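Here is target.pdb, consisting of PDB, C-alpha atoms, pLDDT in the B column:
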ATOM      1  CA  HIS A 233     -33.133   8.317  19.372  1.00 93.00           C
ATOM      2  CA  CYS A 234     -35.992   9.999  17.519  1.00 93.00           C
ATOM      3  CA  HIS A 235     -36.444   9.225  13.833  1.00 95.00           C
ATOM      4  CA  SER A 236     -33.847   9.629  11.122  1.00 95.00           C
ATOM      5  CA  GLU A 237     -34.182   8.411   7.559  1.00 95.00           C
ATOM      6  CA  SER A 238     -30.369   8.443   7.285  1.00 95.00           C
ATOM      7  CA  VAL A 239     -29.990   6.143  10.292  1.00 97.00           C
ATOM      8  CA  GLY A 240     -32.774   3.880   9.052  1.00 97.00           C
ATOM      9  CA  GLU A 241     -31.132   3.510   5.652  1.00 96.00           C
ATOM     10  CA  ILE A 242     -27.713   2.765   7.163  1.00 97.00           C
ATOM     11  CA  LEU A 243     -29.217   0.033   9.343  1.00 98.00           C
ATOM     12  CA  LYS A 244     -31.261  -1.460   6.501  1.00 97.00           C
ATOM     13  CA  GLN A 245     -28.175  -1.535   4.246  1.00 97.00           C
ATOM     14  CA  ALA A 246     -26.177  -3.238   6.992  1.00 97.00           C
ATOM     15  CA  LYS A 247     -28.932  -5.839   7.357  1.00 97.00           C
ATOM     16  CA  GLY A 248     -28.938  -6.319   3.559  1.00 97.00           C
ATOM     17  CA  GLN A 249     -25.178  -6.978   3.701  1.00 97.00           C
ATOM     18  CA  GLY A 250     -25.819  -9.827   6.110  1.00 97.00           C
ATOM     19  CA  LYS A 251     -24.602  -8.058   9.245  1.00 97.00           C
ATOM     20  CA  LYS A 252     -26.107  -9.369  12.496  1.00 97.00           C
ATOM     21  CA  PHE A 253     -27.086  -6.759  15.064  1.00 97.00           C
ATOM     22  CA  SER A 254     -29.945  -5.472  17.156  1.00 98.00           C
ATOM     23  CA  VAL A 255     -31.005  -1.913  17.871  1.00 98.00           C
ATOM     24  CA  ILE A 256     -32.087  -0.197  21.078  1.00 98.00           C
ATOM     25  CA  VAL A 257     -34.574   2.561  20.245  1.00 98.00           C
ATOM     26  CA  THR A 258     -35.601   5.239  22.738  1.00 96.00           C
ATOM     27  CA  GLU A 259     -39.193   6.419  22.714  1.00 95.00           C
ATOM     28  CA  THR A 260     -38.191  10.086  22.297  1.00 93.00           C
ATOM     29  CA  ARG A 261     -40.620  12.065  24.397  1.00 90.00           C
ATOM     30  CA  PRO A 262     -42.834  13.982  24.205  1.00 90.00           C
ATOM     31  CA  ARG A 263     -43.922  13.005  20.664  1.00 90.00           C
ATOM     32  CA  ASN A 264     -42.659   9.398  20.684  1.00 92.00           C
ATOM     33  CA  GLN A 265     -40.889   9.600  17.305  1.00 94.00           C
ATOM     34  CA  GLY A 266     -38.792   6.607  18.337  1.00 96.00           C
ATOM     35  CA  LEU A 267     -41.890   4.531  17.709  1.00 97.00           C
ATOM     36  CA  ILE A 268     -41.628   5.366  13.980  1.00 97.00           C
ATOM     37  CA  THR A 269     -38.032   4.134  13.948  1.00 97.00           C
ATOM     38  CA  ALA A 270     -38.853   0.969  15.883  1.00 98.00           C
ATOM     39  CA  LYS A 271     -41.695   0.053  13.518  1.00 98.00           C
ATOM     40  CA  GLU A 272     -39.569   0.660  10.404  1.00 97.00           C
ATOM     41  CA  LEU A 273     -36.719  -1.461  11.740  1.00 98.00           C
ATOM     42  CA  LEU A 274     -39.060  -4.267  12.751  1.00 98.00           C
ATOM     43  CA  LYS A 275     -40.590  -4.200   9.270  1.00 98.00           C
ATOM     44  CA  ALA A 276     -37.042  -4.636   7.916  1.00 98.00           C
ATOM     45  CA  ARG A 277     -36.636  -7.642  10.278  1.00 98.00           C
ATOM     46  CA  ILE A 278     -34.066  -5.887  12.433  1.00 98.00           C
ATOM     47  CA  PRO A 279     -34.358  -6.899  16.119  1.00 98.00           C
ATOM     48  CA  VAL A 280     -35.452  -3.957  18.279  1.00 98.00           C
ATOM     49  CA  THR A 281     -35.506  -3.256  22.006  1.00 98.00           C
ATOM     50  CA  TYR A 282     -37.703  -0.245  22.803  1.00 98.00           C
ATOM     51  CA  CYS A 283     -37.295   1.751  26.009  1.00 97.00           C
ATOM     52  CA  VAL A 284     -38.018   5.064  27.696  1.00 96.00           C
ATOM     53  CA  ASP A 285     -35.543   7.886  27.118  1.00 95.00           C
ATOM     54  CA  SER A 286     -34.409   7.882  30.730  1.00 95.00           C
ATOM     55  CA  ALA A 287     -33.218   4.249  30.451  1.00 97.00           C
ATOM     56  CA  VAL A 288     -30.088   5.209  28.457  1.00 96.00           C
ATOM     57  CA  GLY A 289     -27.818   4.709  31.455  1.00 96.00           C
ATOM     58  CA  TYR A 290     -29.240   1.235  31.965  1.00 97.00           C
ATOM     59  CA  VAL A 291     -29.026   0.116  28.322  1.00 97.00           C
ATOM     60  CA  MET A 292     -25.771   1.835  27.300  1.00 97.00           C
ATOM     61  CA  LYS A 293     -23.587  -0.893  28.804  1.00 94.00           C
ATOM     62  CA  LYS A 294     -25.177  -3.272  26.263  1.00 94.00           C
ATOM     63  CA  CYS A 295     -24.287  -1.055  23.286  1.00 97.00           C
ATOM     64  CA  SER A 296     -21.284  -1.339  20.981  1.00 97.00           C
ATOM     65  CA  ARG A 297     -22.003   2.006  19.335  1.00 98.00           C
ATOM     66  CA  VAL A 298     -24.582   4.781  19.169  1.00 98.00           C
ATOM     67  CA  LEU A 299     -25.964   6.034  15.863  1.00 98.00           C
ATOM     68  CA  VAL A 300     -28.245   9.074  15.709  1.00 98.00           C
ATOM     69  CA  GLY A 301     -29.336  11.455  12.979  1.00 97.00           C
ATOM     70  CA  CYS A 302     -29.144  15.226  13.055  1.00 96.00           C
ATOM     71  CA  ASP A 303     -31.182  18.256  12.115  1.00 95.00           C
ATOM     72  CA  ALA A 304     -28.221  20.578  11.596  1.00 94.00           C
ATOM     73  CA  ILE A 305     -24.427  20.472  11.530  1.00 93.00           C
ATOM     74  CA  LEU A 306     -22.615  23.498  12.939  1.00 92.00           C
ATOM     75  CA  ALA A 307     -19.317  25.053  11.869  1.00 90.00           C
ATOM     76  CA  ASP A 308     -17.459  23.731  14.922  1.00 90.00           C
ATOM     77  CA  GLY A 309     -18.563  20.140  14.207  1.00 91.00           C
ATOM     78  CA  SER A 310     -21.314  20.168  16.812  1.00 94.00           C
ATOM     79  CA  VAL A 311     -24.728  18.924  15.741  1.00 96.00           C
ATOM     80  CA  VAL A 312     -28.326  19.733  16.534  1.00 97.00           C
ATOM     81  CA  ASN A 313     -30.687  16.824  17.132  1.00 97.00           C
ATOM     82  CA  LYS A 314     -33.855  15.975  19.011  1.00 97.00           C
ATOM     83  CA  ILE A 315     -33.914  16.867  22.691  1.00 96.00           C
ATOM     84  CA  GLY A 316     -32.452  14.045  24.738  1.00 96.00           C
ATOM     85  CA  THR A 317     -29.561  13.406  22.361  1.00 97.00           C
ATOM     86  CA  LEU A 318     -27.046  15.305  24.511  1.00 98.00           C
ATOM     87  CA  PRO A 319     -27.614  13.089  27.575  1.00 97.00           C
ATOM     88  CA  LEU A 320     -27.323  10.072  25.272  1.00 97.00           C
ATOM     89  CA  ALA A 321     -23.930  11.365  24.044  1.00 98.00           C
ATOM     90  CA  ILE A 322     -22.734  12.040  27.594  1.00 98.00           C
ATOM     91  CA  VAL A 323     -23.717   8.558  28.776  1.00 98.00           C
ATOM     92  CA  ALA A 324     -22.085   7.005  25.698  1.00 98.00           C
ATOM     93  CA  GLU A 325     -18.831   8.807  26.499  1.00 98.00           C
ATOM     94  CA  ARG A 326     -19.014   7.712  30.134  1.00 97.00           C
ATOM     95  CA  PHE A 327     -19.329   4.061  29.051  1.00 98.00           C
ATOM     96  CA  GLY A 328     -16.726   4.359  26.274  1.00 98.00           C
ATOM     97  CA  VAL A 329     -19.263   3.736  23.506  1.00 98.00           C
ATOM     98  CA  PRO A 330     -18.483   5.395  20.135  1.00 98.00           C
ATOM     99  CA  PHE A 331     -21.073   8.026  19.174  1.00 98.00           C
ATOM    100  CA  TYR A 332     -21.795   8.443  15.447  1.00 98.00           C
ATOM    101  CA  VAL A 333     -24.023  11.031  13.799  1.00 98.00           C
ATOM    102  CA  ALA A 334     -25.551  10.437  10.373  1.00 97.00           C
ATOM    103  CA  GLY A 335     -26.511  13.427   8.265  1.00 93.00           C
ATOM    104  CA  GLU A 336     -26.149  14.786   4.774  1.00 92.00           C
ATOM    105  CA  THR A 337     -23.727  17.672   4.293  1.00 88.00           C
ATOM    106  CA  LEU A 338     -26.673  19.811   3.129  1.00 88.00           C
ATOM    107  CA  LYS A 339     -27.557  20.017   6.838  1.00 90.00           C
ATOM    108  CA  PHE A 340     -24.447  22.133   7.408  1.00 89.00           C
ATOM    109  CA  ASP A 341     -25.513  25.601   8.599  1.00 86.00           C
ATOM    110  CA  PRO A 342     -23.064  28.104   7.040  1.00 84.00           C
ATOM    111  CA  LYS A 343     -24.387  30.960   9.228  1.00 86.00           C
ATOM    112  CA  THR A 344     -22.626  29.351  12.176  1.00 86.00           C
ATOM    113  CA  ILE A 345     -19.236  30.114  10.559  1.00 84.00           C
ATOM    114  CA  GLU A 346     -19.965  33.782  11.206  1.00 83.00           C
ATOM    115  CA  GLY A 347     -20.839  33.159  14.842  1.00 83.00           C
ATOM    116  CA  PHE A 348     -24.603  32.975  14.509  1.00 83.00           C
ATOM    117  CA  SER A 349     -26.094  30.466  16.912  1.00 86.00           C
ATOM    118  CA  GLU A 350     -28.546  27.766  15.919  1.00 86.00           C
ATOM    119  CA  PRO A 351     -31.982  28.653  17.335  1.00 86.00           C
ATOM    120  CA  ILE A 352     -33.593  26.037  19.584  1.00 92.00           C
ATOM    121  CA  GLU A 353     -37.311  25.705  18.950  1.00 94.00           C
ATOM    122  CA  GLN A 354     -39.547  25.833  22.008  1.00 95.00           C
ATOM    123  CA  ARG A 355     -42.677  23.750  21.444  1.00 96.00           C
ATOM    124  CA  ASP A 356     -46.070  23.932  23.083  1.00 96.00           C
ATOM    125  CA  PRO A 357     -45.796  22.997  26.789  1.00 95.00           C
ATOM    126  CA  ARG A 358     -49.082  21.079  26.466  1.00 95.00           C
ATOM    127  CA  GLU A 359     -47.138  18.358  24.634  1.00 95.00           C
ATOM    128  CA  VAL A 360     -45.491  17.640  27.984  1.00 94.00           C
ATOM    129  CA  ILE A 361     -48.368  18.198  30.427  1.00 95.00           C
ATOM    130  CA  GLN A 362     -51.543  20.218  30.695  1.00 95.00           C
ATOM    131  CA  PRO A 363     -50.522  23.419  32.527  1.00 94.00           C
ATOM    132  CA  SER A 364     -53.625  23.192  34.724  1.00 95.00           C
ATOM    133  CA  LYS A 365     -52.094  20.051  36.295  1.00 96.00           C
ATOM    134  CA  LEU A 366     -49.087  22.072  37.507  1.00 96.00           C
ATOM    135  CA  LYS A 367     -50.489  25.504  38.295  1.00 95.00           C
ATOM    136  CA  GLY A 368     -47.726  27.973  39.003  1.00 95.00           C
ATOM    137  CA  ALA A 369     -44.986  25.898  37.338  1.00 96.00           C
ATOM    138  CA  LYS A 370     -43.093  27.048  34.288  1.00 96.00           C
ATOM    139  CA  ILE A 371     -43.243  24.226  31.757  1.00 96.00           C
ATOM    140  CA  ILE A 372     -40.618  24.127  29.024  1.00 96.00           C
ATOM    141  CA  ASN A 373     -40.531  21.959  25.919  1.00 96.00           C
ATOM    142  CA  PRO A 374     -37.289  22.536  23.968  1.00 96.00           C
ATOM    143  CA  ALA A 375     -37.322  20.531  20.737  1.00 96.00           C
ATOM    144  CA  PHE A 376     -33.561  20.151  20.198  1.00 96.00           C
ATOM    145  CA  ASP A 377     -30.173  19.694  21.869  1.00 95.00           C
ATOM    146  CA  ILE A 378     -26.771  20.822  20.672  1.00 96.00           C
ATOM    147  CA  ILE A 379     -24.272  17.991  20.920  1.00 97.00           C
ATOM    148  CA  PRO A 380     -20.709  19.341  21.168  1.00 96.00           C
ATOM    149  CA  ALA A 381     -18.205  17.942  18.681  1.00 95.00           C
ATOM    150  CA  GLU A 382     -16.110  16.504  21.516  1.00 96.00           C
ATOM    151  CA  TYR A 383     -18.774  13.806  22.076  1.00 97.00           C
ATOM    152  CA  ILE A 384     -18.946  12.784  18.411  1.00 97.00           C
ATOM    153  CA  THR A 385     -16.687   9.984  17.166  1.00 97.00           C
ATOM    154  CA  SER A 386     -17.479  10.681  13.505  1.00 96.00           C
ATOM    155  CA  LEU A 387     -20.094  12.174  11.249  1.00 95.00           C
ATOM    156  CA  ILE A 388     -21.422   9.778   8.619  1.00 95.00           C
ATOM    157  CA  THR A 389     -22.234  11.709   5.446  1.00 92.00           C
ATOM    158  CA  GLU A 390     -22.653  11.014   1.745  1.00 91.00           C
ATOM    159  CA  LYS A 391     -18.960  11.996   1.481  1.00 88.00           C
ATOM    160  CA  GLY A 392     -17.970   9.290   3.969  1.00 91.00           C
ATOM    161  CA  LEU A 393     -16.835   9.452   7.590  1.00 92.00           C
ATOM    162  CA  MET A 394     -15.726  12.859   8.839  1.00 89.00           C
ATOM    163  CA  LYS A 395     -14.203  13.801  12.155  1.00 89.00           C
ATOM    164  CA  PRO A 396     -16.184  16.755  13.536  1.00 84.00           C
ATOM    165  CA  GLU A 397     -13.054  18.899  13.887  1.00 78.00           C
ATOM    166  CA  MET A 398     -12.249  18.311  10.191  1.00 80.00           C
ATOM    167  CA  LEU A 399     -15.728  19.129   8.903  1.00 75.00           C
ATOM    168  CA  ARG A 400     -15.003  22.559   7.430  1.00 69.00           C
ATOM    169  CA  ALA A 401     -11.851  21.360   5.670  1.00 73.00           C
ATOM    170  CA  GLU A 402     -13.668  18.314   4.288  1.00 72.00           C
ATOM    171  CA  LEU A 403     -16.492  20.509   2.989  1.00 68.00           C
ATOM    172  CA  GLU A 404     -13.944  23.053   1.684  1.00 65.00           C
ATOM    173  CA  ILE A 405     -15.586  25.928   3.532  1.00 57.00           C
TER     174      ILE A 405
END
Whole structure given in structure tokens:
Amino acid sequence: HCHSESVGEILKQAKGQGKKFSVIVTETRPRNQGLITAKELLKARIPVTYCVDSAVGYVMKKCSRVLVGCDAILADGSVVNKIGTLPLAIVAERFGVPFYVAGETLKFDPKTIEGFSEPIEQRDPREVIQPSKLKGAKIINPAFDIIPAEYITSLITEKGLMKPEMLRAELEI
């Protein structure tokens, strides 16, 4: 879901180690960043299935695991990632599919230890639809989701695998 250099590198390394797998990539509306991921994986000769974001319920039963990146890691082990990641995590849990998040520990937001919340960027509604096409409607375009730690099997960092609930201890914070 979306585009993550960390995820791309993990998948390319796995391919280089001779592992056989394919990847389902969601388009990631409204900016279609999933297209970047799909093209990079295809260039690396990794088989890709590309689908709309709303197809996650349909494709999840074909998945052995989910791997997404993150924009921030919070003190409670939750992560912030592109909008649409939370429904992906919920569907993965429903189908019993492990949900992994790749991200460097530098993405840890220490302000969240003190109770500060991670702000969610609201982007231009025109990325979704021209307001004149829905006169009178409020159009929202949140850029990110917060994925609670309870949905995350493990964080994959440069320090190795970390359980979300052990994050602060592992980072010695």
Query raised in the report: From the set A:Leu393, A:Ile384, A:Met398, A:Val280, which residue has the shortest atom-to-atom contact distance to Ile322 in chain A, counting only C-alpha atoms?
Result: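 Ranked by minimum distance to Ile322 in chain A, first place goes to A:Ile384.
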Report summary line: Min atom-atom distance to Val239 in chain A from the set A:Gln362, A:Thr389, A:Thr337, A:Thr260, counting all atoms listed in the file, belongs to A:Thr389
For range 299-314 of chain A, I'd like the enclosing box, axis-aligned and padded by 3 Å on every side, reported as JSON with centre and edge lengths in Å to one decimal.
{"center_x": -25.7, "center_y": 15.5, "center_z": 15.3, "size_x": 22.4, "size_y": 25.0, "size_z": 13.5}
Query raised in the report: Using only C-alpha atoms, which of A:Gly248, A:Pro357, A:Pro363, A:Gly335 sits nearest Ile305 in chain A?
Result: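 Residue with the minimum atom-to-atom distance to Ile305 in chain A: A:Gly335.
Across the model, the gap from CA of Ala375 in chain A to CA of Gln354 in chain A is 5.9 Å.
Among the candidates A:Ser254, A:Thr385, A:Ser296, A:Asn264, the one nearest to Ala321 in chain A when counting all atoms listed in the file is A:Thr385.
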**Report entry** Selection result for the PyMOL selection byres ((chain A and resi 242) around 12) on this file, as a list of chain:residue names
**Finding:**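 Evaluating the PyMOL selection byres ((chain A and resi 242) around 12) on these coordinates yields A:Ser236, A:Glu237, A:Ser238, A:Val239, A:Gly240, A:Glu241, A:Leu243, A:Lys244, A:Gln245, A:Ala246, A:Lys247, A:Gly248, A:Gln249, A:Lys251, A:Leu273, A:Ala276, A:Ile278, A:Leu299, A:Val300, A:Gly301, A:Tyr332, A:Val333, A:Ala334, A:Gly335, A:Ile388, A:Thr389, A:Glu390.
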Requested in this report: Can you give me, as a ChimeraX atom specification, the residues this file yields under the PyMOL selection byres ((chain A and resi 262) around 10)?
Outcome: /A:259-261,263-265,285,315,357-361,373,375
Query - Spatial neighbours of Arg297 in chain A, max dist 10 Å, all atoms listed in the file, sep filter under 6 positions, as a ChimeraX atom specification - result: /A:255,324,328-332,385
Query raised in the report: Any idea what the distance is between CA of Met292 in chain A and CA of Lys314 in chain A?
Result: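 Separating CA of Met292 in chain A from CA of Lys314 in chain A is a distance of 18.3 Å.
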Report task. Compare A:Gly392, A:Gly266, A:Pro351, A:Pro342 by their minimum atom-to-atom distance to Ala307 in chain A, counting all atoms listed in the file, and give me the closest one. Result -> A:Pro342
**Report entry** Of the listed residues A:Cys302, A:Cys295, A:Cys234, A:Leu366, that which approaches Ala270 in chain A most closely, counting all atoms listed in the file
**Finding:**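 Result for the nearest residue to Ala270 in chain A: A:Cys234.
For the pair CA of Lys370 in chain A and CA of Ser286 in chain A, the interatomic distance is 21.3 Å.
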**Report entry** Who sits within 12 Å of Asp341 in chain A, all atoms listed in the file, same chain under 3 positions skipped, as a list in words
**Finding:**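 Using all atoms listed in the file, the neighbours found are Cys302, Asp303, Ala304, Ile305, Leu306, Ala307, Asp308, Gly309, Ser310, Val311, Val312, Glu336, Thr337, Leu338, Thr344, Ile345, Glu346, Gly347, Phe348, Ser349, Glu350, Pro351, Leu399, Arg400, Leu403 and Ile405 of chain A.
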